[in-house]
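Asks: Sending over a structure as structure tokens; questions will come in a sec.
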Amino acid sequence: MEKNSVKAYMEYSEEKFTKRIKYKKGETTAFELNFLPGQQLPTHKHPGTEVFIYVVAGRQWYHYH
């Protein structure tokens with residue numbers, strides 16, 4: 001089993017949120033999204049997949065369509 005620190009992937013940009021791939025094998029991908037205040041992820045869908053969201057700091061606001 002591989003262990004990764006959440007803090008190791010915390011990298012921020014003033015221009016837009018950052019995405020850091022933590023794990024990718026086959027069809028499984030784990031990544032970390034880092035947002036500064038006011039940044040957001042555009043509305044999108046993940047048909048045929050399962051998405052797990054884990055908020056490390058701040059607050060979660062997620063709206064399903």
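Residue numbering restarts at 1 for every chain of the structure tokens, chains are lettered A, B, ... in their displayed order, and ligands are numbered from 1 as they appear.
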Got a sec: who's within 12 Å of Met1 (chain A), counting only C-alpha atoms, leaving out chain neighbours fewer than 2 positions off, as a count of residues only?

Replies: 3

Asks: From the options A:Pro47, A:Pro37, A:Pro42, A:Gly58, which residue's atoms come nearest to Glu14 (chain A), counting only C-alpha atoms?

Replies: A:Pro37

Asks: Using only C-alpha atoms, pick whichever of A:Asn34, A:Lys22, A:Phe52, A:Thr28 has the shortest atom-to-atom distance to Met10 (chain A).

Replies: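 That would be A:Asn34, the residue with the smallest distance to Met10 (chain A).
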
Asks: Measuring between only C-alpha atoms, which one of A:Glu27, A:Lys19, A:Ser5, A:Glu11 shows the shortest distance to Thr49 (chain A)?

Replies: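 Of the candidates, the smallest distance to Thr49 (chain A) is held by A:Glu27.
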
Asks: Which value, in Å to one decimal, gives the distance between CA of Val56 (chain A) and CA of Gln40 (chain A)?

Replies: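 Result for CA of Val56 (chain A) versus CA of Gln40 (chain A): 15.7 Å, one decimal.
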